[in-house]
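Shown below: entry19.cif, with mmCIF, C-alpha atoms and all ligand atoms.
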data_start
loop_
_atom_site.label_atom_id
_atom_site.label_comp_id
_atom_site.auth_asym_id
_atom_site.auth_seq_id
_atom_site.Cartn_x
_atom_site.Cartn_y
_atom_site.Cartn_z
CA MET A 1 103.05 -96.55 -52.59
CA PRO A 2 104.03 -93.34 -50.75
CA LYS A 3 106.20 -93.58 -47.66
CA VAL A 4 104.95 -91.59 -44.68
CA LEU A 5 106.99 -90.50 -41.68
CA ILE A 6 104.99 -89.91 -38.52
CA ALA A 7 107.34 -87.84 -36.36
CA THR A 8 106.11 -86.91 -32.91
CA GLU A 9 108.59 -85.69 -30.32
CA LYS A 10 105.52 -85.78 -28.04
CA PRO A 11 103.83 -89.06 -29.07
CA PHE A 12 100.16 -89.60 -29.79
CA ALA A 13 98.13 -91.78 -27.41
CA LYS A 14 98.28 -95.54 -28.17
CA GLU A 15 94.66 -95.55 -29.41
CA ALA A 16 95.48 -92.79 -31.89
CA VAL A 17 98.59 -94.61 -33.14
CA GLN A 18 96.49 -97.72 -33.85
CA ARG A 19 93.87 -95.71 -35.73
CA ILE A 20 96.46 -93.83 -37.82
CA LYS A 21 98.21 -97.14 -38.65
CA SER A 22 94.91 -98.65 -39.78
CA GLU A 23 94.23 -95.71 -42.12
CA PHE A 24 97.61 -96.07 -43.82
CA ASP A 25 97.54 -99.90 -43.80
CA ALA A 26 94.15 -99.87 -45.55
CA ALA A 27 95.55 -97.53 -48.22
CA GLY A 28 98.72 -99.65 -48.55
CA TYR A 29 101.06 -96.82 -47.51
CA GLN A 30 104.44 -97.55 -45.94
CA GLN A 31 104.98 -95.94 -42.53
CA VAL A 32 107.95 -94.98 -40.41
CA TRP A 33 107.25 -93.95 -36.82
CA LEU A 34 109.68 -91.70 -34.96
CA GLU A 35 108.55 -90.92 -31.42
CA ASN A 36 110.21 -89.27 -28.40
CA TYR A 37 113.23 -88.17 -30.38
CA THR A 38 115.48 -85.54 -28.80
CA ASP A 39 117.79 -84.46 -31.61
CA PRO A 40 116.60 -82.75 -34.84
CA ALA A 41 119.28 -84.79 -36.64
CA GLU A 42 117.20 -87.93 -35.92
CA LEU A 43 114.24 -86.28 -37.61
CA ARG A 44 116.30 -85.29 -40.65
CA LYS A 45 117.66 -88.84 -40.94
CA ALA A 46 114.20 -90.41 -40.68
CA ALA A 47 112.83 -87.98 -43.29
CA ALA A 48 115.51 -88.76 -45.88
CA ASP A 49 113.23 -90.84 -48.13
CA ALA A 50 109.79 -89.80 -46.86
CA GLU A 51 107.24 -88.44 -49.32
CA ALA A 52 104.82 -87.34 -46.62
CA MET A 53 105.08 -86.40 -42.97
CA ILE A 54 102.74 -86.02 -40.03
CA VAL A 55 104.04 -83.85 -37.20
CA ARG A 56 102.72 -82.12 -34.09
CA SER A 57 104.75 -79.20 -32.67
CA ASP A 58 107.90 -80.71 -34.20
CA ILE A 59 110.17 -78.17 -35.90
CA VAL A 60 110.06 -78.43 -39.68
CA ASP A 61 112.64 -76.01 -41.06
CA GLU A 62 114.81 -75.39 -44.10
CA ALA A 63 117.38 -77.97 -42.91
CA LEU A 64 114.65 -80.60 -42.75
CA PHE A 65 113.42 -79.80 -46.27
CA ASN A 66 117.00 -79.99 -47.55
CA ALA A 67 117.36 -83.42 -45.92
CA ALA A 68 114.08 -84.72 -47.37
CA PRO A 69 114.27 -84.31 -51.17
CA LYS A 70 111.26 -86.60 -51.88
CA LEU A 71 108.93 -84.79 -49.49
CA LYS A 72 105.66 -83.58 -51.06
CA ILE A 73 103.39 -82.93 -48.11
CA VAL A 74 103.63 -82.17 -44.37
CA VAL A 75 100.49 -82.29 -42.27
CA ARG A 76 100.53 -80.70 -38.86
CA ALA A 77 98.15 -82.84 -36.78
CA GLY A 78 96.73 -79.86 -34.95
CA ALA A 79 95.82 -76.23 -35.46
CA GLY A 80 98.91 -74.01 -35.08
CA TYR A 81 101.64 -74.33 -37.71
CA ASP A 82 104.12 -71.77 -36.40
CA ASN A 83 106.57 -74.70 -36.06
CA ILE A 84 106.73 -75.09 -39.84
CA ASP A 85 108.74 -72.76 -42.09
CA LEU A 86 106.09 -72.10 -44.74
CA SER A 87 108.29 -70.15 -47.14
CA ALA A 88 110.92 -72.90 -47.06
CA ALA A 89 108.16 -75.45 -47.70
CA THR A 90 106.86 -73.48 -50.68
CA ALA A 91 110.38 -73.02 -52.03
CA HIS A 92 110.80 -76.84 -51.88
CA ASN A 93 107.36 -77.40 -53.50
CA VAL A 94 106.03 -79.03 -50.34
CA VAL A 95 102.34 -78.67 -49.47
CA VAL A 96 101.69 -77.87 -45.79
CA MET A 97 98.32 -78.55 -44.16
CA ASN A 98 96.87 -78.43 -40.68
CA THR A 99 93.82 -80.21 -39.25
CA PRO A 100 91.72 -77.32 -37.93
CA GLY A 101 89.15 -78.05 -35.23
CA GLN A 102 90.25 -81.62 -34.57
CA ASN A 103 91.81 -80.99 -31.16
CA SER A 104 89.92 -77.87 -30.12
CA ASN A 105 87.60 -79.47 -27.61
CA ALA A 106 90.60 -80.77 -25.65
CA VAL A 107 92.22 -77.33 -25.58
CA ALA A 108 88.96 -75.65 -24.52
CA GLU A 109 88.49 -78.17 -21.70
CA LEU A 110 92.02 -77.52 -20.48
CA ALA A 111 91.45 -73.74 -20.54
CA LEU A 112 88.33 -74.23 -18.46
CA GLY A 113 90.16 -76.52 -16.02
CA LEU A 114 92.94 -73.95 -15.63
CA MET A 115 90.38 -71.22 -14.94
CA ILE A 116 88.81 -73.26 -12.15
CA TYR A 117 92.21 -74.23 -10.75
CA MET A 118 93.26 -70.58 -10.43
CA ALA A 119 89.84 -69.40 -9.19
CA ARG A 120 90.20 -71.95 -6.37
CA GLY A 121 93.66 -70.72 -5.39
CA LYS A 122 95.39 -73.76 -6.89
CA PHE A 123 93.43 -75.94 -4.46
CA ASN A 124 95.23 -74.45 -1.44
CA GLY A 125 92.33 -75.04 0.93
CA LYS A 126 91.40 -71.34 1.29
CA SER A 127 88.19 -69.76 -0.04
CA GLY A 128 88.39 -69.08 -3.75
CA THR A 129 85.86 -67.67 -6.18
CA GLU A 130 83.35 -69.13 -8.65
CA LEU A 131 83.06 -68.76 -12.39
CA ALA A 132 79.27 -68.30 -12.43
CA GLY A 133 78.24 -64.71 -13.06
CA LYS A 134 81.76 -63.63 -14.08
CA LYS A 135 82.80 -62.19 -17.43
CA LEU A 136 84.92 -64.29 -19.74
CA ALA A 137 86.55 -62.32 -22.57
CA LEU A 138 87.91 -64.40 -25.43
CA PHE A 139 90.69 -63.13 -27.66
CA GLY A 140 90.04 -65.19 -30.79
CA PHE A 141 86.72 -66.81 -31.74
CA GLY A 142 87.92 -69.75 -33.81
CA ASN A 143 87.32 -73.41 -33.00
CA VAL A 144 88.74 -73.33 -29.48
CA GLY A 145 87.19 -70.00 -28.54
CA ARG A 146 83.77 -71.21 -29.64
CA ARG A 147 84.00 -74.47 -27.69
CA LEU A 148 85.13 -72.62 -24.58
CA ALA A 149 82.28 -70.09 -24.99
CA LYS A 150 79.74 -72.95 -24.94
CA MET A 151 81.28 -74.52 -21.85
CA ALA A 152 81.44 -71.17 -20.03
CA GLN A 153 77.80 -70.41 -20.91
CA GLY A 154 76.90 -73.75 -19.32
CA LEU A 155 78.54 -72.44 -16.14
CA ASP A 156 76.49 -69.21 -16.30
CA MET A 157 79.42 -67.01 -17.26
CA GLU A 158 78.86 -63.94 -19.45
CA VAL A 159 80.93 -64.49 -22.57
CA TYR A 160 82.48 -61.73 -24.72
CA ALA A 161 84.79 -62.06 -27.70
CA TYR A 162 87.02 -60.07 -29.98
CA ASP A 163 88.32 -61.47 -33.25
CA PRO A 164 89.20 -59.22 -36.19
CA TYR A 165 88.64 -62.13 -38.61
CA ILE A 166 85.20 -63.30 -37.39
CA SER A 167 81.98 -61.35 -37.88
CA SER A 168 80.01 -60.11 -34.91
CA GLU A 169 76.93 -61.93 -36.34
CA ILE A 170 78.64 -65.28 -35.76
CA MET A 171 79.41 -64.30 -32.16
CA THR A 172 75.86 -63.12 -31.56
CA GLN A 173 74.47 -66.37 -33.00
CA GLU A 174 76.55 -68.20 -30.39
CA GLY A 175 75.14 -66.04 -27.59
CA VAL A 176 78.44 -64.20 -27.20
CA THR A 177 78.72 -60.41 -26.94
CA PRO A 178 81.07 -59.05 -29.63
CA LEU A 179 83.74 -56.58 -28.53
CA ASN A 180 84.70 -53.81 -30.94
CA LYS A 181 88.38 -53.47 -30.22
CA VAL A 182 91.20 -55.44 -28.68
CA GLU A 183 91.41 -53.13 -25.64
CA ASP A 184 87.83 -54.07 -24.71
CA ILE A 185 88.95 -57.64 -23.98
CA PHE A 186 91.31 -56.39 -21.32
CA THR A 187 88.93 -53.91 -19.67
CA THR A 188 86.00 -56.37 -19.72
CA GLY A 189 87.27 -59.78 -18.62
CA ASP A 190 87.29 -61.12 -15.10
CA TYR A 191 88.83 -64.01 -17.04
CA ILE A 192 90.64 -63.47 -20.32
CA SER A 193 91.44 -66.47 -22.51
CA LEU A 194 93.80 -66.24 -25.48
CA HIS A 195 93.03 -68.20 -28.66
CA ILE A 196 95.26 -66.54 -31.23
CA PRO A 197 98.05 -68.06 -33.32
CA ALA A 198 101.71 -67.02 -33.02
CA THR A 199 102.38 -64.90 -36.10
CA ALA A 200 104.61 -61.91 -36.87
CA GLU A 201 101.59 -59.75 -36.06
CA THR A 202 100.67 -61.39 -32.72
CA LYS A 203 104.10 -62.13 -31.21
CA LYS A 204 104.53 -60.04 -28.01
CA SER A 205 101.21 -58.35 -28.85
CA ILE A 206 99.85 -58.92 -25.33
CA ASN A 207 101.91 -55.97 -24.14
CA TRP A 208 101.76 -53.31 -21.45
CA ASP A 209 99.30 -51.17 -23.47
CA LEU A 210 96.83 -54.03 -23.06
CA LEU A 211 97.86 -55.62 -19.76
CA SER A 212 97.78 -52.26 -17.97
CA LEU A 213 94.02 -52.23 -18.63
CA VAL A 214 93.09 -55.44 -16.78
CA LYS A 215 91.01 -55.55 -13.64
CA ASN A 216 93.03 -56.13 -10.48
CA HIS A 217 91.50 -59.60 -9.95
CA CYS A 218 91.75 -60.69 -13.60
CA ILE A 219 92.88 -64.23 -14.45
CA LEU A 220 94.70 -64.43 -17.80
CA VAL A 221 94.60 -67.88 -19.40
CA ASN A 222 97.06 -68.71 -22.18
CA THR A 223 96.55 -72.01 -23.95
CA ALA A 224 97.72 -70.42 -27.22
CA ARG A 225 101.47 -69.78 -27.52
CA LYS A 226 103.97 -68.27 -25.06
CA GLU A 227 105.33 -66.04 -27.85
CA VAL A 228 102.18 -63.88 -27.95
CA ILE A 229 102.97 -62.50 -24.47
CA ASP A 230 105.34 -59.61 -23.85
CA GLU A 231 106.95 -61.09 -20.73
CA ASP A 232 108.28 -57.77 -19.39
CA ALA A 233 104.71 -56.51 -19.40
CA LEU A 234 103.56 -59.76 -17.74
CA ILE A 235 106.03 -59.24 -14.89
CA LYS A 236 104.95 -55.62 -14.55
CA VAL A 237 101.24 -56.44 -14.35
CA LEU A 238 101.93 -59.08 -11.70
CA GLN A 239 103.89 -56.45 -9.75
CA GLU A 240 101.29 -53.72 -10.10
CA LYS A 241 98.01 -55.63 -9.74
CA SER A 242 98.08 -57.55 -6.49
CA LYS A 243 95.41 -60.13 -7.41
CA PHE A 244 96.20 -60.59 -11.10
CA ARG A 245 96.92 -64.24 -11.97
CA TYR A 246 98.50 -65.87 -15.01
CA VAL A 247 97.90 -69.47 -16.00
CA SER A 248 99.29 -71.12 -19.07
CA ASP A 249 99.73 -74.33 -20.99
CA ILE A 250 103.24 -73.22 -21.85
CA ALA A 251 106.04 -72.29 -19.44
CA PRO A 252 107.08 -68.69 -20.08
CA ASP A 253 110.76 -67.92 -20.69
CA CYS A 254 110.76 -65.91 -17.43
CA SER A 255 109.28 -68.81 -15.44
CA GLU A 256 112.05 -68.83 -12.83
CA LYS A 257 111.49 -65.16 -11.98
CA LEU A 258 107.72 -65.59 -11.87
CA LEU A 259 108.00 -68.55 -9.52
CA GLU A 260 110.42 -66.65 -7.25
CA GLU A 261 108.22 -63.57 -6.97
CA PHE A 262 104.62 -64.62 -7.60
CA ALA A 263 104.43 -68.38 -6.98
CA GLU A 264 100.85 -68.28 -5.68
CA ARG A 265 99.52 -66.33 -8.66
CA VAL A 266 101.05 -68.23 -11.55
CA PHE A 267 100.80 -71.75 -12.91
CA TRP A 268 101.73 -73.60 -16.08
CA THR A 269 101.62 -77.22 -17.14
CA PRO A 270 104.94 -79.11 -17.12
CA LYS A 271 104.61 -79.90 -20.83
CA LYS A 272 102.17 -78.50 -23.38
CA MET A 273 99.02 -80.54 -22.68
CA GLY A 274 96.12 -78.76 -24.39
CA ALA A 275 95.76 -81.38 -27.11
CA GLN A 276 96.95 -84.30 -25.00
CA THR A 277 93.85 -86.46 -24.93
CA GLU A 278 93.15 -89.78 -26.64
CA GLU A 279 90.26 -88.15 -28.47
CA ALA A 280 92.18 -85.13 -29.74
CA ASN A 281 95.17 -87.27 -30.76
CA THR A 282 92.88 -89.65 -32.63
CA ASN A 283 90.83 -86.92 -34.32
CA ALA A 284 93.87 -84.91 -35.43
CA GLY A 285 96.02 -87.94 -36.34
CA VAL A 286 93.33 -89.71 -38.37
CA ALA A 287 92.40 -86.45 -40.12
CA ALA A 288 96.08 -85.95 -41.00
CA ALA A 289 96.34 -89.50 -42.39
CA ARG A 290 93.18 -89.07 -44.47
CA GLN A 291 94.37 -85.70 -45.80
CA ILE A 292 97.65 -87.28 -46.93
CA ILE A 293 95.84 -90.15 -48.65
CA ALA A 294 93.38 -87.76 -50.35
CA PHE A 295 96.32 -85.62 -51.49
CA PHE A 296 98.12 -88.53 -53.18
CA GLU A 297 94.99 -90.29 -54.50
CA LYS A 298 92.94 -87.27 -55.63
CA GLY A 299 95.25 -84.24 -55.55
CA ASP A 300 93.07 -82.83 -52.75
CA THR A 301 94.68 -79.74 -51.20
CA THR A 302 91.91 -78.75 -48.82
CA PHE A 303 93.48 -77.35 -45.62
CA GLN A 304 96.66 -76.32 -47.41
CA VAL A 305 98.10 -73.34 -45.50
CA ASN A 306 100.97 -72.34 -47.81
CA LYS A 307 98.90 -71.50 -50.92
C1 LIG A 401 97.78 -77.03 -31.76
O1 LIG A 401 98.28 -76.02 -32.28
O2 LIG A 401 97.07 -77.83 -32.39
C2 LIG A 401 97.99 -77.27 -30.29
O3 LIG A 401 98.81 -76.29 -29.75
C3 LIG A 401 98.46 -78.67 -29.96
O4 LIG A 401 99.84 -78.87 -30.16
P1 LIG A 401 100.52 -80.30 -29.91
O5 LIG A 401 100.07 -81.23 -30.97
O6 LIG A 401 101.99 -80.03 -29.95
O7 LIG A 401 100.09 -80.79 -28.56
#

Could you render the structure as structure tokens?
Ligand code: 3PG
Amino acid sequence: MPKVLIATEKPFAKEAVQRIKSEFDAAGYQQVWLENYTDPAELRKAAADAEAMIVRSDIVDEALFNAAPKLKIVVRAGAGYDNIDLSAATAHNVVVMNTPGQNSNAVAELALGLMIYMARGKFNGKSGTELAGKKLALFGFGNVGRRLAKMAQGLDMEVYAYDPYISSEIMTQEGVTPLNKVEDIFTTGDYISLHIPATAETKKSINWDLLSLVKNHCILVNTARKEVIDEDALIKVLQEKSKFRYVSDIAPDCSEKLLEEFAERVFWTPKKMGAQTEEANTNAGVAAARQIIAFFEKGDTTFQVNK
């Protein structure tokens, strides 16, 4: 029976671990659990005889594939797979999958919580502002963007979206106003929320051309990836727009400078927390386990991302 390595530098919740174990136990698969590791060498060692792996944001690179000659499948329990070297995987004949949608509610709830936290001045006791009646512009209308749109509509926000890969009909069906071009996100939003992956095309794409367009009081929410932000442009917009605020689920590389100069207008979580709920861990982890079992038992490659 296949041997599966579940490698999570940031572990799943206990409930999720139990549920994933039950899936593999029922299928008779052997499991090795590696949690809280700090050195990639530990991951390479644990992967030496694994035929399948489940990971979260763990780095899966050429060195790992070289160290794991029996590996046939890696499932990223989550949405973004920028942590996995897809060409190296393909070159080693390893199938890579993600589990789209399984943790999106958790990320959307965090984005909403961060919006409220910043609107209320990080709970500093002074008068803040409300979300009702304000414009939320979403960059990306995938699973997270759609969940957040629903929540924001429940709070009487006006929701707008831009996504070059999603039709405007789908947005309209969801009661969201489609935006025609990326610039419109930045001129429209009182709140702007990013829901784009980190790819060659999107890295540093939130640049000065876009950030220079924002309203002075705009709150930019980033629960996507820090790499999509051009940090020089972020510093500049904080300098030039006195009420602009930046809130993120990922510490930027320039965090020290931002804290020195703009402490009241920036915030990020200590560790990436968007998908850190029992529910999201369970949904994504169980989906990953089932996808591995379906791959070995039926050759099912649904959700393969390196086709
Ligand atoms: C994702 O891409 O699914 C999220 O960013 C969650 O990542 P995590 O599993 O590392 O928390």

TODO: Find the residues around Gly140 of chain A up to 12 Å (all atoms listed in the file counted), leave out those fewer than 4 positions away in its own chain, and share them as an MDAnalysis selection string.
DONE: chainID A and resid 144:149 160:168 171 178:179 181:182 185 192:197 202 222:224

Sort by chain and increasing residue number a table of all residues of chain A within 8 Å of ligand LIG 401 (chain A), each with its closest pair of atoms and their distance in Å to one decimal, counting all atoms listed in the file, and write it as JSON lines.
{"residue": "A:Lys10", "atom": "CA", "partner": "A:LIG401", "partner_atom": "O6", "distance": 7.0}
{"residue": "A:Val55", "atom": "CA", "partner": "A:LIG401", "partner_atom": "O5", "distance": 7.8}
{"residue": "A:Arg56", "atom": "CA", "partner": "A:LIG401", "partner_atom": "O5", "distance": 4.2}
{"residue": "A:Ser57", "atom": "CA", "partner": "A:LIG401", "partner_atom": "O6", "distance": 4.0}
{"residue": "A:Asp58", "atom": "CA", "partner": "A:LIG401", "partner_atom": "O6", "distance": 7.3}
{"residue": "A:Arg76", "atom": "CA", "partner": "A:LIG401", "partner_atom": "O2", "distance": 7.9}
{"residue": "A:Ala77", "atom": "CA", "partner": "A:LIG401", "partner_atom": "O5", "distance": 6.3}
{"residue": "A:Gly78", "atom": "CA", "partner": "A:LIG401", "partner_atom": "O2", "distance": 3.3}
{"residue": "A:Ala79", "atom": "CA", "partner": "A:LIG401", "partner_atom": "O2", "distance": 3.7}
{"residue": "A:Gly80", "atom": "CA", "partner": "A:LIG401", "partner_atom": "O1", "distance": 3.5}
{"residue": "A:Tyr81", "atom": "CA", "partner": "A:LIG401", "partner_atom": "O1", "distance": 6.6}
{"residue": "A:Thr99", "atom": "CA", "partner": "A:LIG401", "partner_atom": "O2", "distance": 8.0}
{"residue": "A:Pro100", "atom": "CA", "partner": "A:LIG401", "partner_atom": "O2", "distance": 7.7}
{"residue": "A:Asn103", "atom": "CA", "partner": "A:LIG401", "partner_atom": "O2", "distance": 6.3}
{"residue": "A:Ser104", "atom": "CA", "partner": "A:LIG401", "partner_atom": "O2", "distance": 7.5}
{"residue": "A:Val107", "atom": "CA", "partner": "A:LIG401", "partner_atom": "C2", "distance": 7.4}
{"residue": "A:Thr223", "atom": "CA", "partner": "A:LIG401", "partner_atom": "O3", "distance": 7.6}
{"residue": "A:Ala224", "atom": "CA", "partner": "A:LIG401", "partner_atom": "O3", "distance": 6.5}
{"residue": "A:Arg225", "atom": "CA", "partner": "A:LIG401", "partner_atom": "O3", "distance": 7.4}
{"residue": "A:Lys272", "atom": "CA", "partner": "A:LIG401", "partner_atom": "O7", "distance": 6.0}
{"residue": "A:Met273", "atom": "CA", "partner": "A:LIG401", "partner_atom": "O7", "distance": 6.0}
{"residue": "A:Gly274", "atom": "CA", "partner": "A:LIG401", "partner_atom": "C3", "distance": 6.0}
{"residue": "A:Ala275", "atom": "CA", "partner": "A:LIG401", "partner_atom": "O7", "distance": 4.6}
{"residue": "A:Gln276", "atom": "CA", "partner": "A:LIG401", "partner_atom": "O7", "distance": 5.9}
{"residue": "A:Asn281", "atom": "CA", "partner": "A:LIG401", "partner_atom": "O5", "distance": 7.8}

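In terms of minimum interatomic distance to Lys72 of chain A, A:Lys3 ranks closest within A:Trp33, A:Ala263, A:Glu15, A:Lys3, counting all atoms listed in the file.
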
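What separates atom CA of Val95 of chain A from atom CA of Phe24 of chain A is a distance of 18.9 Å.
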
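Counting only C-alpha atoms and comparing A:Val94, A:Ala68, A:Leu155, A:Val32, the residue that lies closest to Val4 of chain A is A:Val32.
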
Dump as CSV the rows for residues of segment 203-250 of chain A within 10 Å of segment 110-133 of chain A: closest atom pair and distance in Å with one decimal, all atoms listed in the file counted, ordered by chain and rising residue number.
residue,atom,partner,partner_atom,distance
A:His217,CA,A:Ala119,CA,10.0
A:Cys218,CA,A:Ala119,CA,9.9
A:Ile219,CA,A:Met115,CA,7.4
A:Leu220,CA,A:Met115,CA,8.5
A:Val221,CA,A:Ala111,CA,6.7
A:Asn222,CA,A:Ala111,CA,7.7
A:Thr223,CA,A:Ala111,CA,6.4
A:Ala224,CA,A:Ala111,CA,9.7
A:Arg245,CA,A:Met118,CA,7.5
A:Tyr246,CA,A:Met118,CA,8.4
A:Val247,CA,A:Leu114,CA,6.7
A:Ser248,CA,A:Leu114,CA,7.8
A:Asp249,CA,A:Ala111,CA,8.3

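For the residues A:Val74, A:Ala46, A:Leu86, A:Leu211, ranking by smallest atom-to-atom distance to Glu62 of chain A using only C-alpha atoms places A:Leu86 first.
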
Around (102.9, -53.9, -24.1) in the file's frame, which residues reach within 10 Å when counting only C-alpha atoms? Return as a JSON list (two decimals) with C-alpha atoms, in the coordinates of the input?
[["chain", "number", "residue", "atom", "x", "y", "z"],
["A", 204, "LYS", "CA", 104.53, -60.04, -28.01],
["A", 205, "SER", "CA", 101.21, -58.35, -28.85],
["A", 206, "ILE", "CA", 99.85, -58.92, -25.33],
["A", 207, "ASN", "CA", 101.91, -55.97, -24.14],
["A", 208, "TRP", "CA", 101.76, -53.31, -21.45],
["A", 209, "ASP", "CA", 99.30, -51.17, -23.47],
["A", 210, "LEU", "CA", 96.83, -54.03, -23.06],
["A", 211, "LEU", "CA", 97.86, -55.62, -19.76],
["A", 212, "SER", "CA", 97.78, -52.26, -17.97],
["A", 229, "ILE", "CA", 102.97, -62.50, -24.47],
["A", 230, "ASP", "CA", 105.34, -59.61, -23.85],
["A", 231, "GLU", "CA", 106.95, -61.09, -20.73],
["A", 232, "ASP", "CA", 108.28, -57.77, -19.39],
["A", 233, "ALA", "CA", 104.71, -56.51, -19.40],
["A", 234, "LEU", "CA", 103.56, -59.76, -17.74],
["A", 236, "LYS", "CA", 104.95, -55.62, -14.55]]
